[in-house]
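Asks: Pasting a structure here, questions to come.
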Amino acid sequence: MIRFIVILTIILSNTILSETIKHDVYKLKHRDELNFKILNHKYKYNSNLIVSSDGFVNIKYIGYVYVNGESIKEVNDLILKLYKKDYFVNPRISIKVTKKSKITFVILGQVANPGYYEVPHDLNVNILDGIAIAGGYTRLAGNVKLVSVTNKSNIVFKIKDLLNKKSSSIPIIKNKDKIIVGESFF
């Protein structure tokens, strides 16, 4: 019986630890949705928040707090510090991500369905996947240009070269990237 309890304790602690590690790895972004709670014994408050385009959330009593690029633990620590400073003696709060933002990209040119597309944040979509999402390239497709807002760069690839590369070496699409599939003349 004691052996069972020890094993169960180890399993549960590893599960909790792995959840904590996963939670701290994710960095908040524009359009993430959060659930924020104040759990003090005399005062309870519950609110759903959305990270604004400039990276702020509006927290009761405190005002706007910059959270873009921060982990949940970092945001939790910051808000606790701000509440302790002026509002609560021993604040207890809870912050959870209820919905992660999506990656938005645009694909133009020689594809079946050019336009704007959204994919879940956790899905690593490369350039060929993006072209497939847009219905595939047309018979006139030639070069592919990736305009990256994140890296502030323009990279040009030939479709033949992309098809011959290992999938791990094909660039991953980031939020707000633009893919332009040019026309081939031969």
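Labels for the structure tokens follow display order: chains A, B, ..., residues from 1 in each chain, ligands from 1.
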Could you give me, as number ranges by chain, the residues within 8 Å of Val149 of chain A, counting only C-alpha atoms and dropping anything in the same chain fewer than 6 positions from it?

Replies: A: 175-177

Asks: Pull the closest atom pair for each residue of segment 91-183 of chain A that gets at most 10 Å from segment 71-87 of chain A, along with the distance in Å to one decimal, counting only C-alpha atoms, ordering rows by chain and then ascending residue number, as JSON lines.

Replies:
{"residue": "A:Pro91", "atom": "CA", "partner": "A:Leu80", "partner_atom": "CA", "distance": 6.5}
{"residue": "A:Arg92", "atom": "CA", "partner": "A:Leu80", "partner_atom": "CA", "distance": 7.6}
{"residue": "A:Ile93", "atom": "CA", "partner": "A:Leu80", "partner_atom": "CA", "distance": 7.4}
{"residue": "A:Ser94", "atom": "CA", "partner": "A:Asn76", "partner_atom": "CA", "distance": 7.5}
{"residue": "A:Ile95", "atom": "CA", "partner": "A:Asn76", "partner_atom": "CA", "distance": 6.7}
{"residue": "A:Lys96", "atom": "CA", "partner": "A:Ile72", "partner_atom": "CA", "distance": 7.3}
{"residue": "A:Val97", "atom": "CA", "partner": "A:Ile72", "partner_atom": "CA", "distance": 8.0}

Asks: How about saving the chosen residues, N, CA, C and O atoms kept, as an mmCIF file, in the first residue's frame?

Replies:
data_model
loop_
_atom_site.group_PDB
_atom_site.id
_atom_site.type_symbol
_atom_site.label_atom_id
_atom_site.label_comp_id
_atom_site.auth_asym_id
_atom_site.auth_seq_id
_atom_site.Cartn_x
_atom_site.Cartn_y
_atom_site.Cartn_z
ATOM 1 N N PRO A 91 -2.303 38.982 -1.840
ATOM 2 C CA PRO A 91 -3.189 38.676 -2.972
ATOM 3 C C PRO A 91 -3.011 37.244 -3.460
ATOM 4 O O PRO A 91 -1.906 36.710 -3.458
ATOM 5 N N ARG A 92 -4.104 36.646 -3.841
ATOM 6 C CA ARG A 92 -4.092 35.337 -4.498
ATOM 7 C C ARG A 92 -4.793 35.522 -5.826
ATOM 8 O O ARG A 92 -5.950 35.936 -5.857
ATOM 9 N N ILE A 93 -4.079 35.226 -6.895
ATOM 10 C CA ILE A 93 -4.673 35.390 -8.216
ATOM 11 C C ILE A 93 -4.470 34.129 -9.041
ATOM 12 O O ILE A 93 -3.635 33.286 -8.712
ATOM 13 N N SER A 94 -5.239 34.038 -10.095
ATOM 14 C CA SER A 94 -5.119 32.923 -11.032
ATOM 15 C C SER A 94 -5.217 33.494 -12.442
ATOM 16 O O SER A 94 -6.120 34.274 -12.738
ATOM 17 N N ILE A 95 -4.278 33.104 -13.287
ATOM 18 C CA ILE A 95 -4.296 33.514 -14.698
ATOM 19 C C ILE A 95 -4.134 32.261 -15.536
ATOM 20 O O ILE A 95 -3.204 31.483 -15.329
ATOM 21 N N LYS A 96 -5.043 32.082 -16.487
ATOM 22 C CA LYS A 96 -4.970 30.924 -17.386
ATOM 23 C C LYS A 96 -5.216 31.379 -18.816
ATOM 24 O O LYS A 96 -6.029 32.266 -19.058
ATOM 25 N N VAL A 97 -4.521 30.755 -19.741
ATOM 26 C CA VAL A 97 -4.772 31.007 -21.161
ATOM 27 C C VAL A 97 -5.975 30.160 -21.553
ATOM 28 O O VAL A 97 -5.941 28.936 -21.432
#

Asks: Using only C-alpha atoms, which of A:Leu128, A:Lys37, A:Thr104, A:Val89 sits nearest Leu163 of chain A?

Replies: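 Going through A:Leu128, A:Lys37, A:Thr104, A:Val89 one by one, the smallest distance to Leu163 of chain A is for A:Leu128.
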
Asks: Provide the atom CA of Gly109 of chain A to atom CA of Asp122 of chain A distance in Å, to one decimal place.

Replies: 26.5 Å

Asks: Go through segment 22-168 of chain A and collect every residue that DSSP, computed from the backbone, puts in helix (DSSP H, G or I); the answer should be as a PyMOL selection string.

Replies: chain A and resi 22-25+72-86+127-133+159-164+167-168

Asks: So how many Å separate atom CA of Arg31 of chain A and atom CA of Lys178 of chain A, to one decimal?

Replies: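 Pair atom CA of Arg31 of chain A / atom CA of Lys178 of chain A returns 19.5 Å.
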
Asks: Identify which of the residues A:Phe157, A:Leu34, A:Lys29, A:His41 lies closest to Ser53 of chain A, counting only C-alpha atoms when measuring atom-to-atom distances.

Replies: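 Among the listed residues, the smallest separation from Ser53 of chain A belongs to A:Lys29.
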
Asks: Among chain A, which residues does DSSP mark as strand (DSSP E or B) when it is run on the backbone? Keep the chain and numbering as in the structure and answer as a count of residues only.

Replies: 67

Asks: With only C-alpha atoms as the atoms that count, which of A:Leu39, A:Ile173, A:Ala112, A:Leu28 lies nearest to Phe56 of chain A?

Replies: A:Leu28

Asks: Which is closer to Asp32 of chain A than all the others in A:Ser101, A:Asn58, A:Asn46, A:Asn90, using only C-alpha atoms?

Replies: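 Of all the options, A:Ser101 lies closest to Asp32 of chain A.
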
Asks: Find the residue from A:Glu183, A:Lys174, A:Asn154, A:Lys145 that sits nearest to Val119 of chain A; use only C-alpha atoms when measuring.

Replies: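 Going through A:Glu183, A:Lys174, A:Asn154, A:Lys145 one by one, the smallest distance to Val119 of chain A is for A:Lys174.
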
Asks: Which residues, written as a PDB file with N, CA and C atoms, in the first residue's frame, have at least one atom at most 10 Å from Leu162 of chain A, with only C-alpha atoms counted and residues fewer than 5 positions away on the same chain left out?

Replies:
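File written: part-v3.pdb
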ATOM      1  N   ILE A 127       6.390  26.712 -45.669  1.00  0.00           N
ATOM      2  CA  ILE A 127       5.934  27.358 -46.907  1.00  0.00           C
ATOM      3  C   ILE A 127       5.121  26.409 -47.782  1.00  0.00           C
ATOM      4  N   LEU A 128       5.568  25.167 -47.920  1.00  0.00           N
ATOM      5  CA  LEU A 128       4.824  24.213 -48.759  1.00  0.00           C
ATOM      6  C   LEU A 128       3.461  23.892 -48.151  1.00  0.00           C
ATOM      7  N   ASN A 143       8.878  30.947 -58.854  1.00  0.00           N
ATOM      8  CA  ASN A 143       9.558  31.273 -57.613  1.00  0.00           C
ATOM      9  C   ASN A 143       8.565  31.548 -56.493  1.00  0.00           C
ATOM     10  N   VAL A 144       9.005  31.292 -55.264  1.00  0.00           N
ATOM     11  CA  VAL A 144       8.215  31.588 -54.076  1.00  0.00           C
ATOM     12  C   VAL A 144       8.998  32.598 -53.257  1.00  0.00           C
ATOM     13  N   PHE A 157      12.687  31.449 -53.183  1.00  0.00           N
ATOM     14  CA  PHE A 157      12.961  30.032 -53.409  1.00  0.00           C
ATOM     15  C   PHE A 157      12.368  29.624 -54.750  1.00  0.00           C
ATOM     16  N   SER A 167      11.754  18.383 -45.141  1.00  0.00           N
ATOM     17  CA  SER A 167      10.723  19.246 -44.562  1.00  0.00           C
ATOM     18  C   SER A 167      11.240  20.063 -43.378  1.00  0.00           C
ATOM     19  N   SER A 169      14.042  21.565 -43.197  1.00  0.00           N
ATOM     20  CA  SER A 169      14.829  22.710 -43.645  1.00  0.00           C
ATOM     21  C   SER A 169      14.002  23.760 -44.391  1.00  0.00           C
ATOM     22  N   ILE A 170      12.718  23.511 -44.581  1.00  0.00           N
ATOM     23  CA  ILE A 170      11.834  24.484 -45.234  1.00  0.00           C
ATOM     24  C   ILE A 170      11.388  25.498 -44.179  1.00  0.00           C
ATOM     25  N   PRO A 171      11.491  26.798 -44.461  1.00  0.00           N
ATOM     26  CA  PRO A 171      11.141  27.816 -43.459  1.00  0.00           C
ATOM     27  C   PRO A 171       9.692  27.704 -42.972  1.00  0.00           C
TER      28      PRO A 171
END
